[in-house]
Structure formats: C-alpha cells, structure tokens
Amino acid sequence: MAATLMDGKAVSSAVREKLALRAQTLRDAGIEPHLAVVLVGDDPASQIYVRNKERGCAKLGIRSTVIRLGADCTQQELEDTVRKLNEDLSVHGILVQLPLPRHLKEETVIALIDPRKDVDGFHAINTGNLMNGVKGFVPCTPSGVMEMLRYYDIPISGRNAVVVGRSNIVGKPMALLLLSENATVTICHSRTKDIASFTRAADILVVAVGKAGFITGDMVKPGATVVDVGINRVDGKVVGDVDFESVSEAAGYLTPVPGGVGQMTITMLLKNTLDAAQALGR
C-alpha cells in the first residue's frame with residue numbers, strides 16, 4: 001500500500017489561518033509586527049527565498065523590510081546593519097539570509113543579532129534554550145516538521161526516531177525537539193557505519209543530508225513516518241533526500257518534495273515573528 005502523503009501546503013494553510021488572527025490582534029493592540037531581512041549579494045536561491053518571505057508577510061499583515069547589501073560588502077558594514085536593526089524599536093524580527101559570501105563570518109553575524117529578535121533561532125542563547133527545554137525561538141524547518149507530525153496525529157512519545165544529518169539548522173534541533181516529545185532519538189551522519197541498520201528501526205525517520213535519493217525503500221521500516229527535508233536539483237527537477245518511488249511503497253506516511261516540509265519553513269518564520277512582536281510588546 002502506498003504511503004499517505006503529508007501535504008505541507010494544507011498544514012501551512014491551517015497554521016497561517018491562526019497566525020492571521022494573531023497578527024490582527026497585535027495590530028488592534030497598536031503593535032505592527034515587523035520582520036527585517038538582510039540579503040547580501042545576488043544568489044538566485046536566496047532571492048527566491050526572500051521574495052517568498054515578503055509574500056508571506058504581506059498575506060498575514062506583517063510589515064517586512066529587506067535590506068540589500070552588495071556581495072562585496074565588508075564584515076563591518078554587515079555588522080553595522082545588524083546593530084541598527086537591533087536598536088530599531090519598530091523591528092521585531094531580524095533574519096540574515098544564509099549563506100553569506102565566503103569572505104563574511106556567519107557565526108559572528110548570528111551572534112550579533114539580539115536573541116529577542118532572532119526569528120531564525122540560530123543564536124547561541126536560543127539554541128541553549130532549546131537544549132535546556134526553555135521557551136525560545138526554534139529553527140523554522142525542524143519546528144515545521146513538528147507541526148506536520150502533530151497535524152497528522154503521528155505518535156511521538158515512546159517511538160524510535162532517527163534523524164539523518166547533524167547540521168545546526170536542521171539535524172541537531174530536530175533531534176532535540178523529538179526528544180522533548182519523549183521519542184528515543186538516534187542521530188546518524190557521514191561517519192555512521194551501516195546507516196540502514198538504524199533507519200530500518202525508525203518509527204519516525206527525518207532525513208536532511210542534501211543528497212538526492214539517499215534513503216531508499218529497503219532502508220525504511222514498513223509503515224514508518226518518513227520526513228524528507230532535502231532539496232536537491234537533478235536534471236532540472238527538485239527532488240528530496242528520499243527516493244520517493246521506493247520509499248512511498250514502504251512508508252506509512254511520507255512528505256513529498258516539493259510540497260512537503262518546504263511549505264512550513266516560512267510559516268514558522270512568520271510565527272516566530274509574531275511571537276517576537278508579542279514578547280517585545282511595541
């Protein structure tokens with residue numbers, strides 16, 4: 001039996017309906033939620049992401065500002081831009097679009113963002129809060145995955161969850177979020193021996209490695225929930241880290257690419273922006 005596809009668009013729409021009400025409530029209270037995005041250079045993928053964020057903000061009634069800097073901007077110019085946004089009382093959320101040009105230090109810039117405005121959830125204070133189970137901003141993609149699991153009533157507590165990939169953006173926070181819901185969590189990565197022996201034991205399998213078709217049907221436990229976070233371009237098509245055809249025959253639930261998790265990332269960014277506006281209260 002083919003897997004049930006987890007429709008990211010449907011989940012995103014359901015979440016955004018609630019967010020629109022929250023945004024209106026904030027505006028009625030005299031608070032105009034405001035997201036500022038810093039875009040360095042002219043990377044085509046980054047341009048698309050930023051444009052989609054602008055559209056998402058517009059539909060919810062969130063003010064958005066894009067600060068565009070040249071690809072040759074200096075570290076000092078970028079840092080000065082972030083400092084100004086930190087000090088701007090009208091700005092609730094700050095996002096520096098990644099990746100940055102190679103001559104710029106991403107870690108330094110992220111550390112400079114006011115943690116109260118860090119709607120990407122990458123600042124060390126927010127990652128520390130996640131580690132310690134303290135409320136704070138959570139990276140948008142893993143947060144979106146959790147929303148999808150809840151929407152489809154996927155049991156998490158007591159289940160075996162395997163996360164393939166250990167990035168700071170997806171893999172590590174994903175593992176912590178699953179752990180916070182009482183899953184037994186294993187992280188696999190490039191040095192893991194016999195990854196298939198772990199993935200076959202997973203009730204919930206989250207894949208974020210950036211390798212097209214990395215997970216195949218014979219690596220999946222029958223009936224498992226498989227979440228594909230990968231975005232790869234192969235022969236002009238967008239595909240995930242999961243071999244869709246073979247895995248769809250083994251899994252119980254599966255996120256498609258496109259149309260799955262990617263739909264949720266911006267939605268959770270909008271949620272974080274509203275959370276920041278409400279917390280800052282101005």
# chains A, B, ... in the order shown; residues from 1 in each chain; ligands from 1
>>> residues_around(residues="Asn126 of chain A", least_positions_apart="2", cutoff="9 Å", atoms="only C-alpha atoms", output="PDB file with N, CA and C atoms, in the first residue's frame")
ATOM      1  N   PRO A 115      19.025  38.284  20.634  1.00  0.00           N
ATOM      2  CA  PRO A 115      18.335  36.997  20.739  1.00  0.00           C
ATOM      3  C   PRO A 115      16.818  37.127  20.789  1.00  0.00           C
ATOM      4  N   ARG A 116      16.323  38.279  21.253  1.00  0.00           N
ATOM      5  CA  ARG A 116      14.880  38.501  21.317  1.00  0.00           C
ATOM      6  C   ARG A 116      14.288  38.743  19.930  1.00  0.00           C
ATOM      7  N   ASP A 118      15.841  37.156  17.169  1.00  0.00           N
ATOM      8  CA  ASP A 118      16.469  36.093  16.367  1.00  0.00           C
ATOM      9  C   ASP A 118      15.416  35.089  15.900  1.00  0.00           C
ATOM     10  N   GLY A 121      16.236  31.499  15.016  1.00  0.00           N
ATOM     11  CA  GLY A 121      16.544  30.575  16.098  1.00  0.00           C
ATOM     12  C   GLY A 121      17.953  30.040  16.079  1.00  0.00           C
ATOM     13  N   PHE A 122      18.893  30.803  15.501  1.00  0.00           N
ATOM     14  CA  PHE A 122      20.270  30.319  15.372  1.00  0.00           C
ATOM     15  C   PHE A 122      21.215  30.863  16.439  1.00  0.00           C
ATOM     16  N   HIS A 123      20.810  31.897  17.166  1.00  0.00           N
ATOM     17  CA  HIS A 123      21.683  32.481  18.181  1.00  0.00           C
ATOM     18  C   HIS A 123      21.962  31.466  19.289  1.00  0.00           C
ATOM     19  N   ALA A 124      23.152  31.541  19.862  1.00  0.00           N
ATOM     20  CA  ALA A 124      23.556  30.571  20.883  1.00  0.00           C
ATOM     21  C   ALA A 124      22.611  30.564  22.080  1.00  0.00           C
ATOM     22  N   GLY A 128      20.718  27.271  23.115  1.00  0.00           N
ATOM     23  CA  GLY A 128      20.871  26.823  24.504  1.00  0.00           C
ATOM     24  C   GLY A 128      19.534  26.633  25.188  1.00  0.00           C
ATOM     25  N   ASN A 129      18.601  27.534  24.902  1.00  0.00           N
ATOM     26  CA  ASN A 129      17.258  27.387  25.466  1.00  0.00           C
ATOM     27  C   ASN A 129      16.606  26.093  24.993  1.00  0.00           C
ATOM     28  N   LEU A 130      16.794  25.783  23.712  1.00  0.00           N
ATOM     29  CA  LEU A 130      16.231  24.547  23.171  1.00  0.00           C
ATOM     30  C   LEU A 130      16.844  23.338  23.869  1.00  0.00           C
ATOM     31  N   MET A 131      18.145  23.366  24.064  1.00  0.00           N
ATOM     32  CA  MET A 131      18.830  22.267  24.740  1.00  0.00           C
ATOM     33  C   MET A 131      18.302  22.058  26.160  1.00  0.00           C
ATOM     34  N   VAL A 134      13.924  25.336  27.598  1.00  0.00           N
ATOM     35  CA  VAL A 134      13.412  26.668  27.943  1.00  0.00           C
ATOM     36  C   VAL A 134      12.782  27.290  26.703  1.00  0.00           C
ATOM     37  N   LYS A 135      11.670  27.993  26.880  1.00  0.00           N
ATOM     38  CA  LYS A 135      10.990  28.598  25.746  1.00  0.00           C
ATOM     39  C   LYS A 135      11.891  29.613  25.054  1.00  0.00           C
ATOM     40  N   GLY A 136      11.925  29.553  23.736  1.00  0.00           N
ATOM     41  CA  GLY A 136      12.723  30.489  22.940  1.00  0.00           C
ATOM     42  C   GLY A 136      12.424  30.244  21.476  1.00  0.00           C
ATOM     43  N   PHE A 137      13.184  30.902  20.620  1.00  0.00           N
ATOM     44  CA  PHE A 137      12.973  30.707  19.186  1.00  0.00           C
ATOM     45  C   PHE A 137      13.630  29.408  18.729  1.00  0.00           C
ATOM     46  N   VAL A 138      12.873  28.648  17.933  1.00  0.00           N
ATOM     47  CA  VAL A 138      13.345  27.370  17.417  1.00  0.00           C
ATOM     48  C   VAL A 138      13.545  27.495  15.915  1.00  0.00           C
TER      49      VAL A 138
END
>>> select_by_dssp(residues="segment 45-104 of chain A", states="strand (DSSP E)", output="ChimeraX atom specification")
/A:63-69,93-96
>>> residues_around(residues="Ala279 of chain A", least_positions_apart="4", cutoff="10 Å", atoms="only C-alpha atoms", output="number ranges by chain")
A: 92, 116-117, 273-275
>>> write_last_selection(atoms="N, CA, C and O atoms", output="PDB file, in the first residue's frame")
ATOM      1  N   HIS A  92      10.821  43.781  15.023  1.00  0.00           N
ATOM      2  CA  HIS A  92      10.651  42.697  15.989  1.00  0.00           C
ATOM      3  C   HIS A  92      11.472  41.459  15.635  1.00  0.00           C
ATOM      4  O   HIS A  92      11.896  40.731  16.528  1.00  0.00           O
ATOM      5  N   ARG A 116      16.323  38.279  21.253  1.00  0.00           N
ATOM      6  CA  ARG A 116      14.880  38.501  21.317  1.00  0.00           C
ATOM      7  C   ARG A 116      14.288  38.743  19.930  1.00  0.00           C
ATOM      8  O   ARG A 116      13.067  38.699  19.753  1.00  0.00           O
ATOM      9  N   LYS A 117      15.169  39.018  18.953  1.00  0.00           N
ATOM     10  CA  LYS A 117      14.724  39.262  17.581  1.00  0.00           C
ATOM     11  C   LYS A 117      15.221  38.181  16.624  1.00  0.00           C
ATOM     12  O   LYS A 117      15.018  38.280  15.413  1.00  0.00           O
ATOM     13  N   THR A 273       8.070  35.533  14.172  1.00  0.00           N
ATOM     14  CA  THR A 273       7.999  36.992  14.120  1.00  0.00           C
ATOM     15  C   THR A 273       6.858  37.512  14.974  1.00  0.00           C
ATOM     16  O   THR A 273       7.002  38.509  15.700  1.00  0.00           O
ATOM     17  N   LEU A 274       5.710  36.852  14.928  1.00  0.00           N
ATOM     18  CA  LEU A 274       4.588  37.248  15.760  1.00  0.00           C
ATOM     19  C   LEU A 274       4.891  37.025  17.244  1.00  0.00           C
ATOM     20  O   LEU A 274       4.531  37.848  18.089  1.00  0.00           O
ATOM     21  N   ASP A 275       5.578  35.932  17.550  1.00  0.00           N
ATOM     22  CA  ASP A 275       5.985  35.675  18.930  1.00  0.00           C
ATOM     23  C   ASP A 275       6.897  36.800  19.437  1.00  0.00           C
ATOM     24  O   ASP A 275       6.767  37.261  20.580  1.00  0.00           O
TER      25      ASP A 275
END
>>> residues_around(residues="segment 28-43 of chain A", least_positions_apart="4", cutoff="7 Å", atoms="only C-alpha atoms", output="ChimeraX atom specification")
/A:24,47,62-71,90-97,100,273-274,277,281-282
>>> closest_atom_pairs(of="segment 217-253 of chain A", to="segment 197-209 of chain A", cutoff="8 Å", atoms="only C-alpha atoms", output="JSON lines")
{"residue": "A:Asp218", "atom": "CA", "partner": "A:Arg200", "partner_atom": "CA", "distance": 7.9}
{"residue": "A:Met219", "atom": "CA", "partner": "A:Arg200", "partner_atom": "CA", "distance": 5.3}
{"residue": "A:Val220", "atom": "CA", "partner": "A:Arg200", "partner_atom": "CA", "distance": 4.7}
{"residue": "A:Lys221", "atom": "CA", "partner": "A:Arg200", "partner_atom": "CA", "distance": 4.6}
{"residue": "A:Gly223", "atom": "CA", "partner": "A:Asp203", "partner_atom": "CA", "distance": 7.8}
{"residue": "A:Ala224", "atom": "CA", "partner": "A:Asp203", "partner_atom": "CA", "distance": 4.8}
{"residue": "A:Thr225", "atom": "CA", "partner": "A:Ile204", "partner_atom": "CA", "distance": 4.8}
{"residue": "A:Val226", "atom": "CA", "partner": "A:Leu205", "partner_atom": "CA", "distance": 4.7}
{"residue": "A:Val227", "atom": "CA", "partner": "A:Val206", "partner_atom": "CA", "distance": 4.7}
{"residue": "A:Asp228", "atom": "CA", "partner": "A:Val207", "partner_atom": "CA", "distance": 5.2}
{"residue": "A:Val229", "atom": "CA", "partner": "A:Ala208", "partner_atom": "CA", "distance": 5.0}
{"residue": "A:Gly230", "atom": "CA", "partner": "A:Ala208", "partner_atom": "CA", "distance": 5.3}
{"residue": "A:Asp241", "atom": "CA", "partner": "A:Val207", "partner_atom": "CA", "distance": 6.5}
{"residue": "A:Val242", "atom": "CA", "partner": "A:Val207", "partner_atom": "CA", "distance": 7.5}
>>> residues_around(residues="Met174 of chain A", least_positions_apart="2", cutoff="12 Å", atoms="only C-alpha atoms", output="PDB file with C-alpha atoms, in the first residue's frame")
ATOM      1  CA  THR A 127      19.950  27.055  20.828  1.00  0.00           C
ATOM      2  CA  LEU A 130      16.231  24.547  23.171  1.00  0.00           C
ATOM      3  CA  MET A 131      18.830  22.267  24.740  1.00  0.00           C
ATOM      4  CA  VAL A 138      13.345  27.370  17.417  1.00  0.00           C
ATOM      5  CA  PRO A 139      14.818  26.992  13.905  1.00  0.00           C
ATOM      6  CA  CYS A 140      11.969  27.133  11.424  1.00  0.00           C
ATOM      7  CA  THR A 141      12.403  23.918   9.442  1.00  0.00           C
ATOM      8  CA  PRO A 142      12.501  21.460  12.376  1.00  0.00           C
ATOM      9  CA  SER A 143       9.720  23.425  14.044  1.00  0.00           C
ATOM     10  CA  GLY A 144       7.693  22.992  10.850  1.00  0.00           C
ATOM     11  CA  VAL A 145       8.344  19.249  10.868  1.00  0.00           C
ATOM     12  CA  MET A 146       6.896  19.022  14.373  1.00  0.00           C
ATOM     13  CA  GLU A 147       3.783  20.898  13.230  1.00  0.00           C
ATOM     14  CA  ALA A 161      13.090   8.435  15.913  1.00  0.00           C
ATOM     15  CA  VAL A 162      16.136   8.595  13.661  1.00  0.00           C
ATOM     16  CA  VAL A 163      17.490  11.868  12.291  1.00  0.00           C
ATOM     17  CA  VAL A 164      19.886  11.531   9.375  1.00  0.00           C
ATOM     18  CA  GLY A 165      22.025  14.698   9.340  1.00  0.00           C
ATOM     19  CA  ARG A 166      23.556  16.717  12.160  1.00  0.00           C
ATOM     20  CA  SER A 167      23.504  20.319  10.937  1.00  0.00           C
ATOM     21  CA  ASN A 168      22.868  23.165  13.380  1.00  0.00           C
ATOM     22  CA  ILE A 169      19.981  24.312  11.182  1.00  0.00           C
ATOM     23  CA  VAL A 170      18.010  21.056  10.942  1.00  0.00           C
ATOM     24  CA  GLY A 171      19.567  17.871  12.314  1.00  0.00           C
ATOM     25  CA  LYS A 172      20.539  18.845  15.856  1.00  0.00           C
ATOM     26  CA  LEU A 176      16.134  17.895  20.452  1.00  0.00           C
ATOM     27  CA  LEU A 177      12.525  18.642  19.504  1.00  0.00           C
ATOM     28  CA  LEU A 178      11.751  14.944  19.095  1.00  0.00           C
ATOM     29  CA  LEU A 179      13.486  14.226  22.393  1.00  0.00           C
ATOM     30  CA  SER A 180      11.379  16.895  24.090  1.00  0.00           C
ATOM     31  CA  GLU A 181       8.305  14.930  22.970  1.00  0.00           C
ATOM     32  CA  ALA A 183      10.926   9.984  21.495  1.00  0.00           C
ATOM     33  CA  VAL A 185      16.324   9.609  19.298  1.00  0.00           C
ATOM     34  CA  THR A 186      19.305   8.479  17.239  1.00  0.00           C
ATOM     35  CA  ILE A 187      21.350  10.838  15.049  1.00  0.00           C
ATOM     36  CA  ILE A 204       9.917   8.276  12.588  1.00  0.00           C
ATOM     37  CA  LEU A 205      12.700   8.965  10.090  1.00  0.00           C
ATOM     38  CA  VAL A 206      13.781  12.536   9.335  1.00  0.00           C
ATOM     39  CA  VAL A 207      16.313  12.958   6.524  1.00  0.00           C
ATOM     40  CA  ALA A 208      18.331  16.133   5.979  1.00  0.00           C
ATOM     41  CA  VAL A 227      10.040  13.202   6.621  1.00  0.00           C
ATOM     42  CA  VAL A 229      13.827  17.749   4.410  1.00  0.00           C
TER      43      VAL A 229
END
>>> residues_around(residues="segment 82-84 of chain A", least_positions_apart="3", cutoff="8 Å", atoms="only C-alpha atoms", output="list in words")
Leu78, Glu79, Glu87, Asp88, Ile94, Val109, Leu112 and Ile113 of chain A
>>> write_last_selection(atoms="N, CA and C atoms", output="PDB file, in the first residue's frame")
ATOM      1  N   LEU A  78      28.164  44.855   7.319  1.00  0.00           N
ATOM      2  CA  LEU A  78      27.110  43.917   7.674  1.00  0.00           C
ATOM      3  C   LEU A  78      26.797  43.980   9.165  1.00  0.00           C
ATOM      4  N   GLU A  79      27.839  44.026   9.973  1.00  0.00           N
ATOM      5  CA  GLU A  79      27.635  44.090  11.418  1.00  0.00           C
ATOM      6  C   GLU A  79      26.947  45.394  11.818  1.00  0.00           C
ATOM      7  N   GLU A  87      18.736  47.986  17.372  1.00  0.00           N
ATOM      8  CA  GLU A  87      18.355  49.205  18.095  1.00  0.00           C
ATOM      9  C   GLU A  87      17.028  49.787  17.618  1.00  0.00           C
ATOM     10  N   ASP A  88      16.557  49.357  16.458  1.00  0.00           N
ATOM     11  CA  ASP A  88      15.319  49.890  15.885  1.00  0.00           C
ATOM     12  C   ASP A  88      14.117  49.288  16.620  1.00  0.00           C
ATOM     13  N   ILE A  94      14.666  39.798  13.133  1.00  0.00           N
ATOM     14  CA  ILE A  94      15.815  40.039  12.243  1.00  0.00           C
ATOM     15  C   ILE A  94      16.248  38.700  11.669  1.00  0.00           C
ATOM     16  N   VAL A 109      28.122  37.152  12.747  1.00  0.00           N
ATOM     17  CA  VAL A 109      26.910  37.933  12.455  1.00  0.00           C
ATOM     18  C   VAL A 109      25.721  37.389  13.240  1.00  0.00           C
ATOM     19  N   LEU A 112      25.653  38.384  16.767  1.00  0.00           N
ATOM     20  CA  LEU A 112      25.405  39.803  16.976  1.00  0.00           C
ATOM     21  C   LEU A 112      23.914  40.137  17.044  1.00  0.00           C
ATOM     22  N   ILE A 113      23.074  39.280  16.474  1.00  0.00           N
ATOM     23  CA  ILE A 113      21.632  39.544  16.465  1.00  0.00           C
ATOM     24  C   ILE A 113      21.071  39.477  17.886  1.00  0.00           C
TER      25      ILE A 113
END
>>> closest_atom_pairs(of="segment 69-169 of chain A", to="segment 246-254 of chain A", cutoff="12 Å", atoms="only C-alpha atoms", output="CSV")
residue,atom,partner,partner_atom,distance
A:Val145,CA,A:Leu254,CA,11.7
A:Met148,CA,A:Leu254,CA,10.7
A:Leu149,CA,A:Tyr253,CA,9.8
A:Tyr152,CA,A:Tyr253,CA,9.0
A:Asp153,CA,A:Tyr253,CA,10.9
A:Ile154,CA,A:Tyr253,CA,8.9
A:Pro155,CA,A:Tyr253,CA,11.9
>>> write_last_selection(atoms="C-alpha atoms", output="CSV table (one decimal), in the first residue's frame")
chain,number,residue,atom,x,y,z
A,145,VAL,CA,8.3,19.2,10.9
A,148,MET,CA,3.3,18.4,10.4
A,149,LEU,CA,3.7,15.4,12.8
A,152,TYR,CA,-1.3,14.1,11.0
A,153,ASP,CA,-1.5,12.8,14.6
A,154,ILE,CA,1.8,10.9,14.3
A,155,PRO,CA,2.6,9.4,17.7
>>> residues_around(residues="Gly259 of chain A", least_positions_apart="3", cutoff="7 Å", atoms="only C-alpha atoms", output="JSON, numbers by chain")
{"A": [7, 8, 9, 256, 262, 263]}
>>> write_last_selection(atoms="C-alpha atoms", output="PDB file, in the first residue's frame")
ATOM      1  CA  ASP A   7       0.600  17.776   2.464  1.00  0.00           C
ATOM      2  CA  GLY A   8       2.780  20.701   3.528  1.00  0.00           C
ATOM      3  CA  LYS A   9       0.526  23.198   1.790  1.00  0.00           C
ATOM      4  CA  PRO A 256       6.806  14.829  -0.839  1.00  0.00           C
ATOM      5  CA  GLY A 262       9.470  23.391   2.478  1.00  0.00           C
ATOM      6  CA  GLN A 263       5.968  24.824   2.739  1.00  0.00           C
TER       7      GLN A 263
END
>>> select_by_dssp(residues="segment 76-136 of chain A", states="alpha helix (DSSP H)", output="PyMOL selection string")
chain A and resi 76-87+106-112+124-131
>>> atom_distance(atom1="atom CA of Arg191 of chain A", atom2="atom CA of Ser157 of chain A")
27.6 Å
>>> decode(residues="segment 264-279 of chain A", atoms="N, CA, C and O atoms", output="PDB file, in the first residue's frame")
ATOM      1  N   MET A 264       6.483  24.641   5.101  1.00  0.00           N
ATOM      2  CA  MET A 264       6.339  25.001   6.512  1.00  0.00           C
ATOM      3  C   MET A 264       7.411  25.954   7.027  1.00  0.00           C
ATOM      4  O   MET A 264       7.194  26.645   8.027  1.00  0.00           O
ATOM      5  N   THR A 265       8.543  26.004   6.368  1.00  0.00           N
ATOM      6  CA  THR A 265       9.661  26.785   6.898  1.00  0.00           C
ATOM      7  C   THR A 265       9.301  28.254   7.041  1.00  0.00           C
ATOM      8  O   THR A 265       9.510  28.874   8.103  1.00  0.00           O
ATOM      9  N   ILE A 266       8.757  28.852   5.991  1.00  0.00           N
ATOM     10  CA  ILE A 266       8.395  30.266   6.066  1.00  0.00           C
ATOM     11  C   ILE A 266       7.231  30.479   7.024  1.00  0.00           C
ATOM     12  O   ILE A 266       7.172  31.482   7.751  1.00  0.00           O
ATOM     13  N   THR A 267       6.306  29.528   7.068  1.00  0.00           N
ATOM     14  CA  THR A 267       5.186  29.638   8.003  1.00  0.00           C
ATOM     15  C   THR A 267       5.679  29.754   9.440  1.00  0.00           C
ATOM     16  O   THR A 267       5.192  30.583  10.221  1.00  0.00           O
ATOM     17  N   MET A 268       6.668  28.948   9.804  1.00  0.00           N
ATOM     18  CA  MET A 268       7.183  29.000  11.169  1.00  0.00           C
ATOM     19  C   MET A 268       8.012  30.265  11.405  1.00  0.00           C
ATOM     20  O   MET A 268       8.069  30.773  12.537  1.00  0.00           O
ATOM     21  N   LEU A 269       8.619  30.801  10.346  1.00  0.00           N
ATOM     22  CA  LEU A 269       9.298  32.095  10.463  1.00  0.00           C
ATOM     23  C   LEU A 269       8.277  33.184  10.802  1.00  0.00           C
ATOM     24  O   LEU A 269       8.531  34.053  11.654  1.00  0.00           O
ATOM     25  N   LEU A 270       7.131  33.143  10.147  1.00  0.00           N
ATOM     26  CA  LEU A 270       6.077  34.122  10.423  1.00  0.00           C
ATOM     27  C   LEU A 270       5.584  33.975  11.867  1.00  0.00           C
ATOM     28  O   LEU A 270       5.343  34.979  12.558  1.00  0.00           O
ATOM     29  N   LYS A 271       5.456  32.737  12.324  1.00  0.00           N
ATOM     30  CA  LYS A 271       5.055  32.510  13.721  1.00  0.00           C
ATOM     31  C   LYS A 271       6.070  33.095  14.681  1.00  0.00           C
ATOM     32  O   LYS A 271       5.714  33.769  15.665  1.00  0.00           O
ATOM     33  N   ASN A 272       7.352  32.858  14.417  1.00  0.00           N
ATOM     34  CA  ASN A 272       8.387  33.395  15.290  1.00  0.00           C
ATOM     35  C   ASN A 272       8.355  34.918  15.317  1.00  0.00           C
ATOM     36  O   ASN A 272       8.586  35.536  16.361  1.00  0.00           O
ATOM     37  N   THR A 273       8.070  35.533  14.172  1.00  0.00           N
ATOM     38  CA  THR A 273       7.999  36.992  14.120  1.00  0.00           C
ATOM     39  C   THR A 273       6.858  37.512  14.974  1.00  0.00           C
ATOM     40  O   THR A 273       7.002  38.509  15.700  1.00  0.00           O
ATOM     41  N   LEU A 274       5.710  36.852  14.928  1.00  0.00           N
ATOM     42  CA  LEU A 274       4.588  37.248  15.760  1.00  0.00           C
ATOM     43  C   LEU A 274       4.891  37.025  17.244  1.00  0.00           C
ATOM     44  O   LEU A 274       4.531  37.848  18.089  1.00  0.00           O
ATOM     45  N   ASP A 275       5.578  35.932  17.550  1.00  0.00           N
ATOM     46  CA  ASP A 275       5.985  35.675  18.930  1.00  0.00           C
ATOM     47  C   ASP A 275       6.897  36.800  19.437  1.00  0.00           C
ATOM     48  O   ASP A 275       6.767  37.261  20.580  1.00  0.00           O
ATOM     49  N   ALA A 276       7.823  37.236  18.575  1.00  0.00           N
ATOM     50  CA  ALA A 276       8.736  38.303  18.957  1.00  0.00           C
ATOM     51  C   ALA A 276       7.985  39.615  19.166  1.00  0.00           C
ATOM     52  O   ALA A 276       8.250  40.346  20.148  1.00  0.00           O
ATOM     53  N   ALA A 277       7.047  39.917  18.280  1.00  0.00           N
ATOM     54  CA  ALA A 277       6.276  41.148  18.413  1.00  0.00           C
ATOM     55  C   ALA A 277       5.469  41.156  19.709  1.00  0.00           C
ATOM     56  O   ALA A 277       5.390  42.161  20.413  1.00  0.00           O
ATOM     57  N   GLN A 278       4.885  40.003  20.021  1.00  0.00           N
ATOM     58  CA  GLN A 278       4.086  39.904  21.240  1.00  0.00           C
ATOM     59  C   GLN A 278       4.965  40.028  22.485  1.00  0.00           C
ATOM     60  O   GLN A 278       4.593  40.698  23.462  1.00  0.00           O
ATOM     61  N   ALA A 279       6.139  39.405  22.448  1.00  0.00           N
ATOM     62  CA  ALA A 279       7.036  39.449  23.612  1.00  0.00           C
ATOM     63  C   ALA A 279       7.618  40.846  23.826  1.00  0.00           C
ATOM     64  O   ALA A 279       7.718  41.317  24.972  1.00  0.00           O
TER      65      ALA A 279
END
